[in-house]
$ cat start21.txt   # compact mmCIF, C-alpha atoms
# COMPACT_ATOMS: atom_id res chain seq x y z
CA MET A 1137 20.41 -76.83 -17.58
CA ASP A 1138 20.12 -77.73 -13.89
CA GLU A 1139 16.91 -77.44 -11.87
CA LYS A 1140 18.05 -74.35 -9.92
CA VAL A 1141 18.59 -72.33 -13.09
CA LYS A 1142 15.24 -73.52 -14.47
CA ARG A 1143 13.47 -72.38 -11.30
CA LEU A 1144 15.16 -68.98 -11.43
CA LEU A 1145 14.18 -68.55 -15.06
CA ALA A 1146 10.63 -69.56 -14.26
CA VAL A 1147 10.42 -67.04 -11.42
CA PHE A 1148 11.96 -64.33 -13.61
CA SER A 1149 9.52 -65.10 -16.43
CA PHE A 1150 6.57 -64.95 -14.02
CA VAL A 1151 7.68 -61.61 -12.59
CA PHE A 1152 8.29 -60.21 -16.07
CA VAL A 1153 4.88 -61.29 -17.35
CA ALA A 1154 3.14 -59.99 -14.22
CA TYR A 1155 4.92 -56.63 -14.42
CA SER A 1156 4.23 -56.31 -18.15
CA SER A 1157 0.56 -57.18 -17.64
CA LEU A 1158 0.27 -54.60 -14.87
CA ALA A 1159 1.93 -51.94 -17.03
CA ILE A 1160 -0.37 -52.72 -19.96
CA TYR A 1161 -3.41 -52.57 -17.67
CA LEU A 1162 -2.37 -49.25 -16.17
CA ILE A 1163 -1.62 -47.73 -19.56
CA PHE A 1164 -4.64 -48.95 -21.51
CA PHE A 1165 -7.40 -49.93 -19.10
CA ALA A 1166 -7.03 -48.48 -15.59
CA PRO A 1167 -8.76 -45.18 -14.77
CA GLY A 1168 -6.26 -42.37 -14.48
CA LEU A 1169 -5.92 -38.80 -15.69
CA LYS A 1170 -8.85 -36.90 -17.12
CA PHE A 1171 -9.44 -33.28 -18.09
CA GLU A 1172 -12.62 -31.60 -16.90
CA ILE A 1173 -14.12 -28.22 -17.74
CA ILE A 1174 -15.91 -26.65 -14.77
CA ASN A 1175 -17.42 -23.17 -15.04
CA GLU A 1176 -15.41 -22.59 -18.22
CA LYS A 1177 -12.16 -23.40 -16.39
CA LEU A 1178 -9.84 -26.31 -17.20
CA TYR A 1179 -8.94 -28.89 -14.54
CA LEU A 1180 -6.97 -32.12 -14.51
CA LYS A 1181 -8.36 -34.92 -12.32
CA ASN A 1182 -6.89 -38.15 -10.98
CA GLU A 1183 -9.80 -40.56 -11.47
CA SER A 1184 -7.96 -43.52 -9.99
CA SER A 1185 -7.79 -44.82 -6.41
CA HIS A 1186 -4.00 -44.50 -6.32
CA VAL A 1187 -1.56 -41.59 -6.33
CA ILE A 1188 -0.25 -40.51 -9.72
CA LYS A 1189 3.21 -38.95 -9.77
CA ASN A 1190 5.38 -36.97 -12.17
CA ILE A 1191 2.62 -35.56 -14.35
CA THR A 1192 3.41 -33.16 -17.17
CA VAL A 1193 0.90 -31.15 -19.13
CA GLU A 1194 2.01 -29.99 -22.54
CA THR A 1195 0.60 -28.65 -25.77
CA ASP A 1196 0.37 -30.60 -28.98
CA SER A 1197 3.49 -28.73 -30.13
CA GLY A 1198 5.48 -30.03 -27.12
CA LEU A 1199 5.43 -26.86 -24.99
CA ILE A 1200 5.26 -27.86 -21.29
CA ILE A 1201 2.75 -25.65 -19.46
CA ASP A 1202 2.59 -27.45 -16.10
CA CYS A 1203 4.44 -30.05 -14.02
CA ILE A 1204 2.53 -31.74 -11.20
CA PRO A 1205 4.68 -33.81 -8.81
CA VAL A 1206 1.77 -35.64 -7.15
CA LEU A 1207 -1.97 -35.85 -7.70
CA ALA A 1208 -3.88 -37.70 -4.98
CA PRO A 1209 -6.79 -40.04 -5.75
CA TYR A 1210 -9.82 -38.09 -7.10
CA GLN A 1211 -7.96 -34.80 -6.65
CA LYS A 1212 -8.36 -31.97 -9.19
CA THR A 1213 -5.88 -29.24 -10.08
CA ARG A 1214 -6.39 -26.13 -12.17
CA ILE A 1215 -4.59 -25.94 -15.51
CA TYR A 1216 -3.84 -22.53 -17.03
CA VAL A 1217 -3.47 -22.31 -20.79
CA PRO A 1218 -1.23 -19.54 -22.21
CA SER A 1219 -3.28 -16.87 -23.98
CA ASP A 1220 -0.42 -15.60 -26.14
CA ARG A 1221 0.16 -18.79 -28.15
CA LYS A 1222 -1.85 -20.79 -30.68
CA ILE A 1223 -2.73 -24.11 -29.05
CA GLY A 1224 -4.85 -26.95 -30.39
CA PHE A 1225 -4.79 -29.57 -27.65
CA VAL A 1226 -3.26 -30.04 -24.21
CA ILE A 1227 -2.00 -33.48 -23.21
CA ALA A 1228 -1.41 -34.84 -19.68
CA LYS A 1229 1.23 -37.55 -19.31
CA ALA A 1230 2.42 -39.71 -16.41
CA PRO A 1231 4.56 -42.87 -16.30
CA PHE A 1232 2.50 -46.05 -16.79
CA HIS A 1233 -0.75 -44.15 -17.38
CA LYS A 1234 -2.75 -43.45 -20.48
CA GLU A 1235 -2.44 -39.92 -21.80
CA ALA A 1236 -5.36 -37.53 -21.32
CA LYS A 1237 -6.12 -35.13 -24.14
CA GLN A 1238 -8.35 -32.08 -24.26
CA TYR A 1239 -9.03 -29.33 -26.78
CA ALA A 1240 -7.54 -26.21 -25.23
CA PHE A 1241 -9.03 -22.78 -24.88
CA ALA A 1242 -7.02 -19.86 -23.56
CA GLU A 1243 -8.53 -18.06 -20.62
CA SER A 1244 -8.78 -14.31 -20.97
CA PRO A 1245 -6.83 -12.15 -18.49
CA GLU A 1246 -10.19 -11.08 -17.05
CA ALA A 1247 -10.80 -14.66 -15.92
CA MET A 1248 -7.56 -14.60 -13.94
CA LEU A 1249 -7.28 -11.09 -12.53
CA SER A 1250 -9.08 -7.78 -12.16
CA ILE A 1251 -7.40 -4.39 -12.43
CA GLU A 1252 -8.66 -1.06 -11.15
CA VAL A 1253 -6.86 2.20 -11.96
CA ASP A 1254 -7.06 5.39 -9.87
CA GLN A 1255 -5.13 8.62 -10.20
CA GLU A 1256 -4.45 11.85 -8.40
CA ASN A 1257 -4.88 15.22 -10.11
CA ALA A 1258 -2.06 16.05 -12.49
CA LYS A 1259 -0.58 19.58 -12.54
CA VAL A 1260 2.61 20.90 -14.11
CA GLY A 1261 5.46 21.00 -11.60
CA SER A 1262 3.66 18.85 -8.98
CA LYS A 1263 4.14 15.10 -8.62
CA PHE A 1264 1.07 12.88 -8.81
CA LYS A 1265 0.45 9.14 -8.58
CA ILE A 1266 -1.46 6.54 -10.55
CA TYR A 1267 -2.53 3.45 -8.60
CA LEU A 1268 -3.05 -0.01 -10.04
CA ASN A 1269 -5.03 -2.33 -7.77
CA ILE A 1270 -4.53 -5.85 -9.13
CA CYS A 1271 -6.58 -8.75 -7.73
CA ASN A 1272 -5.70 -12.41 -8.29
CA LYS A 1273 -8.89 -14.37 -9.03
CA THR A 1274 -7.13 -17.74 -9.20
CA SER A 1275 -6.33 -20.31 -6.52
CA GLU A 1276 -2.56 -19.97 -6.98
CA ASP A 1277 0.00 -17.22 -6.36
CA ILE A 1278 0.99 -15.41 -9.55
CA PHE A 1279 3.95 -13.24 -10.52
CA ILE A 1280 3.16 -10.12 -12.52
CA THR A 1281 5.25 -7.69 -14.54
CA VAL A 1282 3.89 -4.19 -15.13
CA SER A 1283 5.60 -2.12 -17.82
CA GLU A 1284 4.51 1.46 -18.42
CA THR A 1285 5.29 3.88 -21.22
CA HIS A 1286 4.45 7.57 -21.60
CA ASP A 1287 5.19 10.62 -23.71
CA ALA A 1288 8.38 12.23 -22.41
CA THR A 1289 7.29 15.66 -23.65
CA PHE A 1290 4.59 15.68 -20.93
CA ILE A 1291 6.16 13.64 -18.14
CA LYS A 1292 9.73 13.85 -16.85
CA GLU A 1293 10.36 10.29 -15.53
CA GLU A 1294 11.76 7.45 -17.61
CA ASN A 1295 9.59 4.47 -18.47
CA LYS A 1296 9.33 1.92 -15.64
CA THR A 1297 8.96 -1.85 -15.28
CA ILE A 1298 8.20 -3.52 -11.95
CA LEU A 1299 7.82 -7.17 -10.92
CA PHE A 1300 5.80 -8.41 -7.95
CA ASP A 1301 3.62 -11.28 -6.78
CA VAL A 1302 -0.07 -11.37 -5.91
CA LYS A 1303 -1.24 -14.09 -3.52
CA ALA A 1304 -4.05 -16.45 -4.48
CA GLY A 1305 -7.39 -14.72 -3.99
CA GLY A 1306 -5.61 -11.55 -2.85
CA CYS A 1307 -5.04 -8.02 -4.15
CA ARG A 1308 -2.03 -5.75 -4.39
CA LYS A 1309 -1.98 -2.00 -4.91
CA THR A 1310 0.98 -0.49 -6.76
CA ALA A 1311 1.75 3.21 -7.25
CA PHE A 1312 3.52 4.93 -10.16
CA GLU A 1313 4.70 8.49 -9.48
CA TYR A 1314 5.09 11.13 -12.19
CA LEU A 1315 6.20 14.76 -12.54
CA PRO A 1316 4.35 16.61 -15.35
CA ILE A 1317 6.42 19.15 -17.26
CA LYS A 1318 3.82 20.29 -19.82
CA SER A 1319 0.09 20.90 -19.72
CA GLY A 1320 -2.35 19.15 -22.04
CA ASN A 1321 -3.80 15.72 -22.65
CA THR A 1322 -1.61 12.65 -22.85
CA GLU A 1323 -1.81 8.90 -22.30
CA ILE A 1324 0.07 6.40 -20.14
CA ILE A 1325 0.13 2.77 -21.26
CA PHE A 1326 0.38 -0.06 -18.70
CA ILE A 1327 1.12 -3.59 -19.94
CA VAL A 1328 0.34 -6.21 -17.30
CA THR A 1329 1.97 -9.56 -18.04
CA GLY A 1330 1.86 -12.90 -16.26
CA GLU A 1331 2.86 -16.42 -17.17
CA PHE A 1332 -0.40 -17.08 -18.99
CA PHE A 1333 -1.82 -13.66 -19.80
CA LYS A 1334 -1.10 -10.22 -21.13
CA LYS A 1335 -3.32 -7.16 -20.79
CA GLU A 1336 -2.85 -3.56 -21.94
CA ILE A 1337 -4.44 -0.61 -20.14
CA ALA A 1338 -4.43 2.91 -21.59
CA LYS A 1339 -4.98 5.70 -19.03
CA LYS A 1340 -5.77 9.17 -20.41
CA ILE A 1341 -4.30 12.01 -18.36
CA GLY A 1342 -5.27 15.65 -18.38
CA ILE A 1343 -2.43 17.82 -17.07
CA GLU A 1344 -3.34 21.26 -15.74
CA ALA A 1345 -1.09 24.28 -16.23

$ encode --input "start21.txt" --output "structure tokens"
Amino acid sequence: MDEKVKRLLAVFSFVFVAYSSLAIYLIFFAPGLKFEIINEKLYLKNESSHVIKNITVETDSGLIIDCIPVLAPYQKTRIYVPSDRKIGFVIAKAPFHKEAKQYAFAESPEAMLSIEVDQENAKVGSKFKIYLNICNKTSEDIFITVSETHDATFIKEENKTILFDVKAGGCRKTAFEYLPIKSGNTEIIFIVTGEFFKKEIAKKIGIEA
């Protein structure tokens, strides 16, 4: 083997060892991802002094619940845990970094949004409205589906489902219009669903003759 090939092999071996050592250090020793619980809310923090890219957060069953393209040094981001699934742990992963693991707790819908319901007087033959004022208590925009059901012997309209977004920290008021066809007491059910929550609201209605 000539000297040139030996030098190339030596350089290659040095680079390989250095790269492998760096990867081992980053994976097993360097500070990196860490879960934190602040005011009963779950956050993921980059504890290192370098940017961490391509982060995924998944459950112990493999369900991916968040993908974070970039997390700057010492930056935190909120992690929302689905409330409609049984979850033991959440795990944060990124290339060349040690996994972070945290026992998961699902946040209740009340921790993420508030809902107020108002209605106009209901009378047979006259349309009235029910208003849902939904406020987003999180720091991110959320998409919400509202499905309503009612007794068709009291109310003429078909059941409705609507989809809309609520900006971070903002509120949105939505109206449902009905035409009563029979007097008496009935109930309208609203099911408010988001990516990580589901809440049912039952509104009792007294319809005048």

$ residues_around --input "start21.txt" --residues "A:Thr1297" --least-positions-apart "3" --cutoff "9 Å" --atoms "all atoms listed in the file" --output "count of residues only"
4

$ atom_distance --input "start21.txt" --atom1 "atom CA of A:Asn1272" --atom2 "atom CA of A:Gln1211"
22.6 Å

$ atom_distance --input "start21.txt" --atom1 "atom CA of A:Ile1325" --atom2 "atom CA of A:Asn1295"
10.0 Å

$ closest_residue --input "start21.txt" --among "A:Lys1212, A:His1186, A:Lys1318, A:Arg1308" --to "A:Ile1270" --atoms "only C-alpha atoms"
A:Arg1308

$ closest_residue --input "start21.txt" --among "A:Asp1287, A:Asp1301, A:Glu1336, A:Glu1183" --to "A:Ile1317" --atoms "all atoms listed in the file"
A:Asp1287

$ closest_residue --input "start21.txt" --among "A:Phe1264, A:Tyr1216, A:Phe1326, A:Phe1333" --to "A:Val1193" --atoms "only C-alpha atoms"
A:Tyr1216
